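Structure data follow from work.txt (compact mmCIF, N, CA and C atoms):
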# COMPACT_ATOMS: atom_id res chain seq x y z
N MET A 1 -16.04 9.52 11.75
CA MET A 1 -15.01 8.91 12.59
C MET A 1 -13.70 9.66 12.40
N LYS A 2 -13.05 9.94 13.50
CA LYS A 2 -11.77 10.64 13.44
C LYS A 2 -10.66 9.60 13.34
N ILE A 3 -9.83 9.73 12.30
CA ILE A 3 -8.72 8.81 12.10
C ILE A 3 -7.42 9.55 12.39
N GLU A 4 -6.60 8.97 13.23
CA GLU A 4 -5.31 9.55 13.56
C GLU A 4 -4.22 8.86 12.76
N VAL A 5 -3.10 9.52 12.57
CA VAL A 5 -1.99 9.00 11.78
C VAL A 5 -1.54 7.64 12.30
N LYS A 6 -1.50 7.45 13.60
CA LYS A 6 -1.02 6.19 14.18
C LYS A 6 -1.91 5.00 13.80
N ASP A 7 -3.16 5.26 13.41
CA ASP A 7 -4.10 4.20 13.05
C ASP A 7 -3.96 3.73 11.60
N VAL A 8 -3.34 4.53 10.76
CA VAL A 8 -3.29 4.26 9.32
C VAL A 8 -2.27 3.17 9.01
N LYS A 9 -2.74 2.10 8.34
CA LYS A 9 -1.85 1.02 7.88
C LYS A 9 -1.46 1.23 6.42
N ARG A 10 -2.47 1.62 5.59
CA ARG A 10 -2.23 1.88 4.17
C ARG A 10 -3.13 3.03 3.72
N PHE A 11 -2.74 3.69 2.64
CA PHE A 11 -3.60 4.70 2.05
C PHE A 11 -3.23 4.86 0.58
N TRP A 12 -4.20 5.36 -0.20
CA TRP A 12 -3.99 5.57 -1.63
C TRP A 12 -5.12 6.43 -2.18
N LEU A 13 -4.94 6.88 -3.41
CA LEU A 13 -6.00 7.60 -4.10
C LEU A 13 -6.68 6.63 -5.04
N GLU A 14 -7.99 6.66 -5.05
CA GLU A 14 -8.77 5.76 -5.91
C GLU A 14 -9.56 6.60 -6.90
N HIS A 15 -9.39 6.26 -8.16
CA HIS A 15 -10.08 6.99 -9.22
C HIS A 15 -11.33 6.21 -9.63
N SER A 16 -12.41 6.91 -9.82
CA SER A 16 -13.65 6.25 -10.24
C SER A 16 -13.73 6.25 -11.76
N ASN A 17 -14.70 5.57 -12.28
CA ASN A 17 -14.90 5.50 -13.73
C ASN A 17 -15.72 6.66 -14.25
N ILE A 18 -16.14 7.53 -13.38
CA ILE A 18 -16.95 8.68 -13.77
C ILE A 18 -16.04 9.75 -14.35
N ILE A 19 -16.40 10.25 -15.50
CA ILE A 19 -15.60 11.29 -16.16
C ILE A 19 -15.61 12.55 -15.30
N ASP A 20 -14.46 13.17 -15.19
CA ASP A 20 -14.24 14.41 -14.43
C ASP A 20 -14.45 14.26 -12.93
N ALA A 21 -14.50 13.03 -12.44
CA ALA A 21 -14.64 12.83 -10.99
C ALA A 21 -13.27 12.95 -10.33
N GLU A 22 -13.27 13.54 -9.16
CA GLU A 22 -12.03 13.68 -8.39
C GLU A 22 -11.68 12.35 -7.74
N ALA A 23 -10.39 12.11 -7.58
CA ALA A 23 -9.94 10.89 -6.90
C ALA A 23 -10.31 10.97 -5.43
N GLU A 24 -10.70 9.83 -4.87
CA GLU A 24 -11.04 9.75 -3.46
C GLU A 24 -9.84 9.24 -2.68
N LEU A 25 -9.69 9.73 -1.48
CA LEU A 25 -8.65 9.25 -0.58
C LEU A 25 -9.20 8.03 0.15
N VAL A 26 -8.46 6.91 0.07
CA VAL A 26 -8.85 5.69 0.76
C VAL A 26 -7.83 5.45 1.86
N ILE A 27 -8.33 5.29 3.08
CA ILE A 27 -7.47 5.04 4.23
C ILE A 27 -7.86 3.69 4.82
N GLU A 28 -6.87 2.84 5.02
CA GLU A 28 -7.11 1.53 5.61
C GLU A 28 -6.49 1.51 7.00
N ILE A 29 -7.33 1.17 7.99
CA ILE A 29 -6.83 1.13 9.37
C ILE A 29 -6.74 -0.29 9.90
N GLY A 30 -7.17 -1.25 9.12
CA GLY A 30 -7.12 -2.66 9.48
C GLY A 30 -7.59 -3.48 8.30
N GLU A 31 -7.42 -4.78 8.38
CA GLU A 31 -7.81 -5.65 7.28
C GLU A 31 -9.32 -5.52 7.03
N GLY A 32 -9.65 -5.05 5.85
CA GLY A 32 -11.06 -4.87 5.48
C GLY A 32 -11.71 -3.63 6.04
N LYS A 33 -10.98 -2.82 6.77
CA LYS A 33 -11.53 -1.60 7.37
C LYS A 33 -10.98 -0.38 6.64
N THR A 34 -11.69 0.02 5.59
CA THR A 34 -11.26 1.17 4.81
C THR A 34 -12.32 2.26 4.87
N TYR A 35 -11.85 3.47 4.72
CA TYR A 35 -12.71 4.64 4.69
C TYR A 35 -12.35 5.46 3.46
N LYS A 36 -13.38 5.93 2.74
CA LYS A 36 -13.17 6.75 1.55
C LYS A 36 -13.61 8.17 1.83
N TYR A 37 -12.80 9.11 1.34
CA TYR A 37 -13.09 10.52 1.52
C TYR A 37 -13.03 11.22 0.18
N GLN A 38 -14.07 11.97 -0.12
CA GLN A 38 -14.06 12.75 -1.35
C GLN A 38 -13.00 13.83 -1.23
N LYS A 39 -12.56 14.30 -2.38
CA LYS A 39 -11.52 15.32 -2.37
C LYS A 39 -12.05 16.62 -1.78
N THR A 40 -11.43 17.00 -0.69
CA THR A 40 -11.68 18.28 -0.04
C THR A 40 -10.33 18.86 0.34
N TYR A 41 -10.33 20.07 0.80
CA TYR A 41 -9.08 20.66 1.25
C TYR A 41 -8.46 19.83 2.37
N GLU A 42 -9.29 19.39 3.31
CA GLU A 42 -8.80 18.64 4.46
C GLU A 42 -8.26 17.27 4.05
N SER A 43 -8.97 16.56 3.17
CA SER A 43 -8.51 15.22 2.76
C SER A 43 -7.23 15.32 1.93
N GLU A 44 -7.14 16.32 1.08
CA GLU A 44 -5.92 16.51 0.29
C GLU A 44 -4.74 16.87 1.19
N ARG A 45 -4.99 17.69 2.17
CA ARG A 45 -3.94 18.07 3.12
C ARG A 45 -3.47 16.86 3.93
N PHE A 46 -4.41 16.02 4.39
CA PHE A 46 -4.06 14.82 5.15
C PHE A 46 -3.28 13.85 4.28
N TYR A 47 -3.69 13.67 3.03
CA TYR A 47 -2.98 12.80 2.08
C TYR A 47 -1.54 13.27 1.89
N ASN A 48 -1.35 14.55 1.65
CA ASN A 48 0.00 15.08 1.46
C ASN A 48 0.83 14.97 2.72
N TYR A 49 0.21 15.14 3.87
CA TYR A 49 0.93 14.98 5.14
C TYR A 49 1.40 13.54 5.31
N LEU A 50 0.52 12.56 5.07
CA LEU A 50 0.89 11.15 5.19
C LEU A 50 2.00 10.79 4.20
N ARG A 51 1.90 11.28 2.98
CA ARG A 51 2.92 11.00 1.96
C ARG A 51 4.29 11.50 2.38
N GLY A 52 4.32 12.57 3.14
CA GLY A 52 5.59 13.17 3.56
C GLY A 52 6.26 12.47 4.74
N LEU A 53 5.54 11.58 5.40
CA LEU A 53 6.11 10.88 6.56
C LEU A 53 7.07 9.78 6.12
N ASP A 54 8.15 9.60 6.86
CA ASP A 54 9.14 8.57 6.54
C ASP A 54 8.66 7.16 6.84
N ASP A 55 7.61 7.02 7.63
CA ASP A 55 7.15 5.69 8.02
C ASP A 55 6.29 5.00 6.96
N PHE A 56 6.04 5.66 5.83
CA PHE A 56 5.26 5.05 4.76
C PHE A 56 6.13 4.89 3.52
N ALA A 57 5.98 3.73 2.88
CA ALA A 57 6.69 3.47 1.62
C ALA A 57 5.65 3.27 0.53
N GLU A 58 5.96 3.75 -0.67
CA GLU A 58 5.03 3.68 -1.78
C GLU A 58 5.42 2.58 -2.74
N PHE A 59 4.45 1.81 -3.18
CA PHE A 59 4.65 0.85 -4.25
C PHE A 59 3.34 0.75 -5.03
N ALA A 60 3.43 0.95 -6.33
CA ALA A 60 2.29 0.84 -7.24
C ALA A 60 1.14 1.75 -6.83
N GLY A 61 1.46 2.94 -6.38
CA GLY A 61 0.43 3.92 -6.06
C GLY A 61 -0.20 3.80 -4.69
N LYS A 62 0.20 2.80 -3.91
CA LYS A 62 -0.34 2.63 -2.57
C LYS A 62 0.78 2.77 -1.55
N TYR A 63 0.47 3.41 -0.45
CA TYR A 63 1.46 3.64 0.61
C TYR A 63 1.17 2.69 1.77
N ILE A 64 2.22 2.04 2.26
CA ILE A 64 2.09 1.08 3.35
C ILE A 64 3.00 1.52 4.49
N ARG A 65 2.49 1.44 5.71
CA ARG A 65 3.30 1.78 6.88
C ARG A 65 4.41 0.75 7.03
N LYS A 66 5.65 1.21 7.04
CA LYS A 66 6.81 0.30 7.12
C LYS A 66 6.79 -0.53 8.40
N SER A 67 6.46 0.10 9.51
CA SER A 67 6.51 -0.61 10.79
C SER A 67 5.39 -1.63 10.93
N ALA A 68 4.39 -1.60 10.05
CA ALA A 68 3.29 -2.56 10.11
C ALA A 68 3.61 -3.85 9.37
N VAL A 69 4.68 -3.83 8.55
CA VAL A 69 5.03 -5.00 7.75
C VAL A 69 5.79 -6.00 8.61
N LYS A 70 5.24 -7.20 8.71
CA LYS A 70 5.84 -8.25 9.52
C LYS A 70 6.84 -9.07 8.69
N LYS A 71 6.45 -9.42 7.46
CA LYS A 71 7.28 -10.29 6.64
C LYS A 71 6.93 -10.10 5.17
N ILE A 72 7.93 -10.25 4.31
CA ILE A 72 7.72 -10.22 2.87
C ILE A 72 8.17 -11.57 2.34
N GLN A 73 7.29 -12.20 1.58
CA GLN A 73 7.54 -13.58 1.15
C GLN A 73 7.34 -13.70 -0.35
N LEU A 74 8.27 -14.37 -1.02
CA LEU A 74 8.15 -14.64 -2.45
C LEU A 74 7.57 -16.03 -2.63
N ASN A 75 6.40 -16.10 -3.23
CA ASN A 75 5.75 -17.37 -3.54
C ASN A 75 5.88 -17.59 -5.03
N SER A 76 6.64 -18.58 -5.39
CA SER A 76 6.84 -18.74 -6.82
C SER A 76 6.65 -20.17 -7.26
N ASN A 77 6.02 -20.28 -8.36
CA ASN A 77 5.99 -21.49 -9.14
C ASN A 77 6.06 -21.03 -10.59
N LEU A 78 6.31 -21.91 -11.48
CA LEU A 78 6.54 -21.50 -12.87
C LEU A 78 5.33 -20.85 -13.51
N ALA A 79 4.15 -21.24 -13.10
CA ALA A 79 2.95 -20.72 -13.74
C ALA A 79 2.51 -19.37 -13.17
N ASN A 80 2.68 -19.17 -11.87
CA ASN A 80 2.11 -17.98 -11.25
C ASN A 80 2.89 -17.59 -10.00
N SER A 81 3.75 -16.62 -10.12
CA SER A 81 4.51 -16.17 -8.96
C SER A 81 3.86 -14.92 -8.38
N SER A 82 4.06 -14.73 -7.08
CA SER A 82 3.52 -13.55 -6.41
C SER A 82 4.36 -13.25 -5.17
N ILE A 83 4.16 -12.06 -4.65
CA ILE A 83 4.83 -11.63 -3.43
C ILE A 83 3.75 -11.38 -2.40
N TRP A 84 3.96 -11.91 -1.20
CA TRP A 84 3.03 -11.68 -0.11
C TRP A 84 3.66 -10.74 0.89
N ILE A 85 2.91 -9.72 1.27
CA ILE A 85 3.33 -8.80 2.32
C ILE A 85 2.43 -9.06 3.53
N HIS A 86 3.02 -9.59 4.58
CA HIS A 86 2.29 -9.89 5.81
C HIS A 86 2.31 -8.65 6.70
N ILE A 87 1.14 -8.23 7.15
CA ILE A 87 1.01 -7.04 7.98
C ILE A 87 0.51 -7.46 9.36
N TYR A 88 1.08 -6.89 10.39
CA TYR A 88 0.65 -7.18 11.77
C TYR A 88 -0.85 -6.93 11.90
N GLY A 89 -1.56 -7.90 12.50
CA GLY A 89 -2.98 -7.77 12.74
C GLY A 89 -3.86 -8.20 11.57
N TYR A 90 -3.27 -8.57 10.45
CA TYR A 90 -4.04 -9.03 9.29
C TYR A 90 -3.97 -10.55 9.22
N LYS A 91 -5.09 -11.18 8.96
CA LYS A 91 -5.10 -12.64 8.81
C LYS A 91 -4.52 -13.06 7.46
N ASN A 92 -4.78 -12.27 6.44
CA ASN A 92 -4.34 -12.59 5.08
C ASN A 92 -3.29 -11.58 4.61
N PRO A 93 -2.28 -12.06 3.88
CA PRO A 93 -1.27 -11.14 3.37
C PRO A 93 -1.79 -10.36 2.17
N LEU A 94 -1.17 -9.22 1.91
CA LEU A 94 -1.42 -8.48 0.67
C LEU A 94 -0.66 -9.22 -0.42
N GLU A 95 -1.27 -9.41 -1.56
CA GLU A 95 -0.63 -10.16 -2.62
C GLU A 95 -0.31 -9.24 -3.80
N ILE A 96 0.94 -9.30 -4.23
CA ILE A 96 1.38 -8.56 -5.40
C ILE A 96 1.63 -9.58 -6.50
N GLY A 97 0.88 -9.48 -7.56
CA GLY A 97 0.99 -10.43 -8.66
C GLY A 97 2.03 -10.02 -9.68
N SER A 98 2.18 -10.84 -10.68
CA SER A 98 3.20 -10.60 -11.71
C SER A 98 2.92 -9.34 -12.51
N ASP A 99 1.69 -8.85 -12.51
CA ASP A 99 1.37 -7.63 -13.25
C ASP A 99 2.04 -6.40 -12.65
N LEU A 100 2.47 -6.47 -11.40
CA LEU A 100 3.12 -5.33 -10.74
C LEU A 100 4.63 -5.50 -10.59
N ARG A 101 5.19 -6.48 -11.26
CA ARG A 101 6.64 -6.64 -11.17
C ARG A 101 7.32 -5.44 -11.83
N MET A 102 8.55 -5.17 -11.40
CA MET A 102 9.25 -3.98 -11.86
C MET A 102 9.72 -4.08 -13.31
N ARG A 103 10.09 -5.27 -13.74
CA ARG A 103 10.51 -5.49 -15.13
C ARG A 103 9.79 -6.72 -15.66
N ARG A 104 9.66 -6.81 -16.95
CA ARG A 104 8.93 -7.90 -17.58
C ARG A 104 9.77 -9.15 -17.81
N SER A 105 11.04 -9.09 -17.48
CA SER A 105 11.88 -10.27 -17.67
C SER A 105 11.50 -11.34 -16.65
N ASP A 106 12.01 -12.55 -16.85
CA ASP A 106 11.71 -13.66 -15.93
C ASP A 106 12.15 -13.34 -14.50
N ILE A 107 13.21 -12.57 -14.37
CA ILE A 107 13.75 -12.25 -13.05
C ILE A 107 13.00 -11.06 -12.42
N GLY A 108 12.03 -10.51 -13.13
CA GLY A 108 11.33 -9.31 -12.67
C GLY A 108 10.67 -9.44 -11.31
N MET A 109 10.06 -10.59 -11.01
CA MET A 109 9.42 -10.76 -9.70
C MET A 109 10.46 -10.82 -8.59
N PHE A 110 11.59 -11.45 -8.85
CA PHE A 110 12.64 -11.51 -7.85
C PHE A 110 13.20 -10.11 -7.59
N ASP A 111 13.38 -9.33 -8.64
CA ASP A 111 13.85 -7.95 -8.47
C ASP A 111 12.84 -7.13 -7.66
N THR A 112 11.57 -7.31 -7.95
CA THR A 112 10.53 -6.60 -7.20
C THR A 112 10.55 -7.03 -5.73
N PHE A 113 10.72 -8.32 -5.50
CA PHE A 113 10.81 -8.86 -4.14
C PHE A 113 11.98 -8.23 -3.39
N GLN A 114 13.15 -8.18 -4.02
CA GLN A 114 14.32 -7.58 -3.38
C GLN A 114 14.11 -6.09 -3.12
N TYR A 115 13.48 -5.41 -4.06
CA TYR A 115 13.19 -3.99 -3.89
C TYR A 115 12.27 -3.76 -2.68
N LEU A 116 11.21 -4.56 -2.57
CA LEU A 116 10.27 -4.41 -1.45
C LEU A 116 10.93 -4.73 -0.12
N LYS A 117 11.78 -5.74 -0.09
CA LYS A 117 12.50 -6.06 1.14
C LYS A 117 13.37 -4.88 1.57
N LYS A 118 13.99 -4.23 0.61
CA LYS A 118 14.84 -3.08 0.92
C LYS A 118 14.01 -1.89 1.41
N VAL A 119 12.90 -1.63 0.73
CA VAL A 119 12.04 -0.51 1.08
C VAL A 119 11.46 -0.67 2.48
N PHE A 120 11.07 -1.90 2.83
CA PHE A 120 10.44 -2.16 4.13
C PHE A 120 11.42 -2.65 5.18
N ASN A 121 12.71 -2.60 4.88
CA ASN A 121 13.76 -2.95 5.84
C ASN A 121 13.64 -4.38 6.35
N HIS A 122 13.39 -5.33 5.45
CA HIS A 122 13.27 -6.73 5.85
C HIS A 122 14.27 -7.60 5.13

Serialized structure, structure tokens:
Amino acid sequence: MKIEVKDVKRFWLEHSNIIDAEAELVIEIGEGKTYKYQKTYESERFYNYLRGLDDFAEFAGKYIRKSAVKKIQLNSNLANSSIWIHIYGYKNPLEIGSDLRMRRSDIGMFDTFQYLKKVFNH
């Protein structure tokens, strides 16, 4: 299947548990619709091209198309706080848990939330 830049919602490199295995390029074009590509000259070139575009923002090793983000929401309760990133065309939001907060202090999730809002212009 030929994937064009306009179709890409998210992309990242995924490392396997196999020793000396090359990271695979994972491209997501819709909720639950991902494609994996082994490292080749073409996949590495496409990855570097996508990384260089201004329309993608990186957080925790994954790149998300800025224009695809509909809303960023902080869901917090004392026991388990998280950030939801709502993407156009997705039924379920992407969830960022406390393990990916920028700092380990209590305010860390709020700081991460503010950072993501700034990165995605929301």

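Relative to CA of Leu94 (chain A), CA of Arg51 (chain A) is found at 20.0 Å.
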
Can you measure CA of Ile72 (chain A) to CA of Gly108 (chain A) for me? One decimal in Å is fine. 16.0 Å

Once DSSP has gone over the backbone, tell me which residues of chain A are in alpha helix (DSSP H), as a list of chain:residue names. A:Tyr41, A:Glu42, A:Ser43, A:Glu44, A:Arg45, A:Phe46, A:Tyr47, A:Asn48, A:Tyr49, A:Leu50, A:Arg51, A:Gly52, A:Gly108, A:Met109, A:Phe110, A:Asp111, A:Thr112, A:Phe113, A:Gln114, A:Tyr115, A:Leu116, A:Lys117, A:Lys118, A:Val119

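Closest approach to Met109 (chain A) among A:Leu50, A:Arg10, A:Leu74, A:Lys91 is made by A:Leu74 (distances from only C-alpha atoms).
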
With 5 Å of padding per side, what axis-aligned box (centre and edge lengths, Å, one decimal) covers all the listed atoms of region 8-11 of chain A? Give it as JSON.
{"center_x": -2.5, "center_y": 2.9, "center_z": 5.7, "size_x": 12.1, "size_y": 13.8, "size_z": 20.2}

Please provide as a PyMOL selection string all residues within 6.5 Å of Trp84 (chain A), with the sequence filter that same-chain residues fewer than 2 positions apart are discarded (counting all atoms listed in the file). chain A and resi 71-75+82+86+93-96

Which of region 24-81 of chain A counts as strand (DSSP E or B) under DSSP, as an NGL selection string please? :A and (24-30 or 33-37 or 56-59 or 62-65 or 69-75)

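Among the candidates A:Lys33, A:Lys2, A:Glu14, A:Lys62, the one nearest to Tyr90 (chain A) when counting only C-alpha atoms is A:Lys33.
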
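For Ile27 (chain A), the non-local neighbours within 8 Å, defined as residues at least 5 positions apart in the same chain or in other chains and counting only N, CA and C atoms, are A:Asp7, A:Val8, A:Lys9, A:Arg10, A:Phe11, A:Trp12, A:Leu13, A:Lys33, A:Thr34, A:Tyr35, A:Lys36, A:Tyr37.
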
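Distance check against Gly89 (chain A) using only N, CA and C atoms: of A:Asp111, A:Glu24, A:Asp55, A:Glu31, the minimum falls on A:Glu31.
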
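Our summary of the geometry notes that CA of Ile29 (chain A) is positioned 26.6 Å from atom N of Thr112 (chain A).
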